[in-house]
Amino acid sequence: MARVFVSYTHQEPDKDIAQEVAGALRENHEVFIDTSIPGGRTWGDLIDRELQTADFLIPLLSARSLASPMVVAEISAAHQLNVGQGRPAIIPVRLDSSQLRYPMTAYVGRFQEISWDGPGDTERLKKEAIRAVELKPILFFQSPERQQMIQRVRVDWIEGILQTSLRGANPVGLELQSQPRAIDHPLDAVIQRPDEDPSPLPAGTRLISVFNQHLGQLLILGAPGSGKTTLLLQLASELLDIAETNPNEPIPVVFNLSSWADQRKPIEDWLIEELRLRSDVPPDLARKWVRENQLLLLLDGLDEVAGVHREACVEAINEYRVNHGRVKIAVCSRVSEYQALTTRLRLPAAILILPLSKSRVLEYLDDTPGPLEGLREAVRVDPNLWALLETPLTLSIVAVVGGHLKALNPAEGSGTALEQRREELFAYYVDAMFRRRTKETRYSPLQMRKWLIWLAKAMVRREQTFFRLEDLRHHWLESRVERFFVLAAAAVFVALVSGVVGSSVLAQAFLISYGHGKNEDVFFSLMQALLPYFGVAGLLLALARGGKREPVDLVSVRWPGSLKLLAGIAEGGVFGAVLGFVFGWVGCSLQGDPGDHMGEIVAGARMYAAFGIVAFGLGRGMDILARSREVEIRPSPNYAISQSLRNTSAYIGISLLFGGLGILIMALRPATNSDQPITRIDLLCAGGLALLGWVGFFFGMEKGGYFLLNHYATRLLLWKKGVIPWNYLRFLDAAADRVLMIKAGASYRFLHRMLQDYFAASPEA
């Protein structure tokens, strides 16, 4: 549906033709014509707003309209908008042969016009106008961020999941039924409405028609495997097509509600966080999109929210709708879990996906090629098989498993027996997928089964349906001892590197400053004396700052402004002064009796403070200049890890380069006598600048280093236990190639939640 602005003059025949064209277009499109302006409205503001949002401008050109300042102003404004953002497209209608003059020739001369040859030609004109609106390609200006988000949703959900699920299986037509009692109508508290019974939707009804009919707000219910997510993603695909051609439409984004229960934030805050974590949208942009209702929310998996928090989740969604009344939203849930709730979603409409009928199942089996001989006979002998074939998921699996269905144990009609047979069906499916010819042959079925079981159990335990490689950190470990081991190992590693780097750099600086040259005995003596202090300092800094265990995609150098940079340098200098003074005081005090060496202790503490001011001040300045940021779309599953490694290495390398420069400056200075006191410039160059290499190590760790330590320590521990392979991406790709998992952008998920539950319930190999 397009938005059309009709521009004309209030003279005949222009006025009559304008109303005729507007009436014809209004049947399928939204039309603005100034005869419908309500009384009391400001003309200029309203016309400007309508032009800003119009997809098409249809100006009626005649000698009368060309003399109208209002018509000329409207065409001029539309021309400027078209040049700047590609819309509205202009469809000129010539009512007479009046000559166009500049600038009108520049405004409309580049567009193909429609001519009107008299009263008998009005019907043809209306048809031509409709055809031009419906066939003319509209090129809109879309911001790069909006285009990237639309592409991200399409790649992750449509291409990654919808088009990948059960590749090669025939689609199954779904039967839908309205569920008026499943929702809470706002008017129920005011008036007593008559009971409404569920009613089937006409065959072939498109979900987008139901969605639009109910103001873009809908609840989708169904049994496990009934096709809820598939239906939601088909809706998402059509909505993405609309958003790509109309920047006024919100961006459809799919969210999985299972993660809401982790912190149970207001939905607005949760959406912002999910956009950052799952779609790599910068927080400021995510906040803008959410607060300005620029997203169309497709919320999947209400039933996947932990049972104790499901009621609260429904209440949070209802509260969000109150605060964002115009937002378009669709929610998916398993019907049994939703019906168990006492709180209902406040949405205009709800639909239920009905179980597949026997005729639909038989029709599907007839149309599906493959080894299904004898399946009809098996169904005739065992009528209880119908209960197993009533969902698109199991029916599609049957098409893959084929004749193995005949080997299923006879059912007795009980729920337990049916669940057992469903597990057998999944087992046949998994075995069939392991027998597929694939490029990756280095993993045995036994190994893959073992690794898939661990992954499924971990994902169920964490109540999530999507997995990204960078998610693999200490909190994925079951044992508290293992989690503590990973955190402690990372802190000890940082302390060791801190001790070696800090003591060696400062020892070399002292060595050069006092003219000892390459005296190795003095160097190692100084290093041995300094090692404990730098090790303890590194351990404390790791414990204080090691909580930054998030990956860093990009580090870009940006000028923050003089005041912010100077304030940051001052902040770092103060911190370095305090830290240096404390450690200098403690270190010098331990060298002898404080009462006898108080002057030396104070001098040593001041020396360390000077080192800290220079090193931490410069380090903090570098940290402010090199700001971390996230990319809009991570192009590969390993992107966050590889980029974090690159950024950390680059930052530490640059810092060590500056440290080496400080040492080099001292090496080129004339040597001083060993009994001559070190000068202030020596302190700044040899101590402060050289120590920057040590300080830069910690700032570099915050550019993704702490995340890398935690991630790889966790992977190493799990690999040693045998529950994951070391090359985890290769295994995940192999599982996706066997249609056991689906790769969606930088994420992976099991083919279906029922398959994830099947592996999670399997005994560990």
# chains A, B, ... in the order shown; residues from 1 in each chain; ligands from 1
>>> residues_around(residues="segment 152-162 of chain A", least_positions_apart="3", cutoff="9 Å", atoms="only C-alpha atoms", output="MDAnalysis selection string")
chainID A and resid 147:149 165 229:230 233:234 236:237 240 252:254 279 632:633 742:747 749 751
>>> atom_distance(atom1="atom CA of Gly23 of chain A", atom2="atom CA of Phe5 of chain A")
12.3 Å
>>> closest_residue(among="A:Ala610, A:Ile351, A:Leu275, A:Leu477", to="Leu176 of chain A", atoms="only C-alpha atoms")
A:Ile351
>>> closest_residue(among="A:Glu134, A:Val582, A:Leu645, A:Phe697", to="Ala615 of chain A", atoms="only C-alpha atoms")
A:Phe697
>>> closest_residue(among="A:Glu764, A:Glu337, A:Asp757, A:Glu482", to="Val723 of chain A", atoms="only C-alpha atoms")
A:Glu764
>>> select_by_dssp(residues="segment 234-418 of chain A", states="helix (DSSP H, G or I)", output="number ranges by chain")
A: 234-245, 257-262, 267-279, 283-291, 302-304, 307-323, 335-339, 358-367, 375-381, 385-388, 392-407, 415-418
>>> closest_residue(among="A:Gln528, A:Gln80, A:Ser259, A:Thr122", to="Val460 of chain A", atoms="only C-alpha atoms")
A:Ser259
>>> residues_around(residues="Glu12 of chain A", least_positions_apart="2", cutoff="12 Å", atoms="only C-alpha atoms", output="PyMOL selection string")
chain A and resi 8-10+14-19+60+62-65+95+119
>>> residues_around(residues="segment 704-717 of chain A", least_positions_apart="6", cutoff="10 Å", atoms="only C-alpha atoms", output="PyMOL selection string")
chain A and resi 469-477+482-483+485-491+493-494+542+545-554+628+640-649+652+697-698+723-728
>>> atom_distance(atom1="atom CA of Ala495 of chain A", atom2="atom CA of Ala537 of chain A")
7.5 Å
>>> closest_residue(among="A:Leu691, A:Met70, A:Leu218, A:Glu424", to="Gly499 of chain A", atoms="only C-alpha atoms")
A:Leu691
>>> atom_distance(atom1="atom CA of Arg310 of chain A", atom2="atom CA of Ile453 of chain A")
26.4 Å
>>> closest_residue(among="A:Val93, A:Ala223, A:Ala67, A:Val290", to="Glu273 of chain A", atoms="only C-alpha atoms")
A:Val290
>>> residues_around(residues="Tyr758 of chain A", least_positions_apart="5", cutoff="10 Å", atoms="only C-alpha atoms", output="PyMOL selection string")
chain A and resi 422-424+426-427+453+456-457+752-753
>>> write_last_selection(atoms="N, CA and C atoms", output="tab-separated table (two decimals), in the first residue's frame")
chain	number	residue	atom	x	y	z
A	422	ARG	N	8.01	-40.76	19.51
A	422	ARG	CA	8.58	-39.53	18.97
A	422	ARG	C	10.10	-39.52	19.15
A	423	GLU	N	10.57	-40.00	20.30
A	423	GLU	CA	12.00	-40.09	20.52
A	423	GLU	C	12.64	-41.07	19.55
A	424	GLU	N	11.96	-42.18	19.27
A	424	GLU	CA	12.48	-43.14	18.30
A	424	GLU	C	12.57	-42.50	16.91
A	426	PHE	N	13.05	-39.31	16.24
A	426	PHE	CA	14.20	-38.42	16.23
A	426	PHE	C	15.50	-39.22	16.15
A	427	ALA	N	15.54	-40.37	16.81
A	427	ALA	CA	16.74	-41.20	16.75
A	427	ALA	C	16.99	-41.67	15.32
A	453	ILE	N	25.12	-33.73	22.60
A	453	ILE	CA	24.42	-33.94	23.87
A	453	ILE	C	24.89	-32.93	24.90
A	456	ALA	N	23.52	-29.43	23.93
A	456	ALA	CA	22.08	-29.32	24.18
A	456	ALA	C	21.80	-29.19	25.67
A	457	LYS	N	22.46	-29.99	26.48
A	457	LYS	CA	22.25	-29.91	27.93
A	457	LYS	C	22.65	-28.54	28.47
A	752	HIS	N	15.43	-27.74	15.58
A	752	HIS	CA	14.17	-27.40	16.24
A	752	HIS	C	14.38	-27.59	17.73
A	753	ARG	N	13.59	-26.90	18.50
A	753	ARG	CA	13.73	-27.03	19.95
A	753	ARG	C	13.45	-28.46	20.39
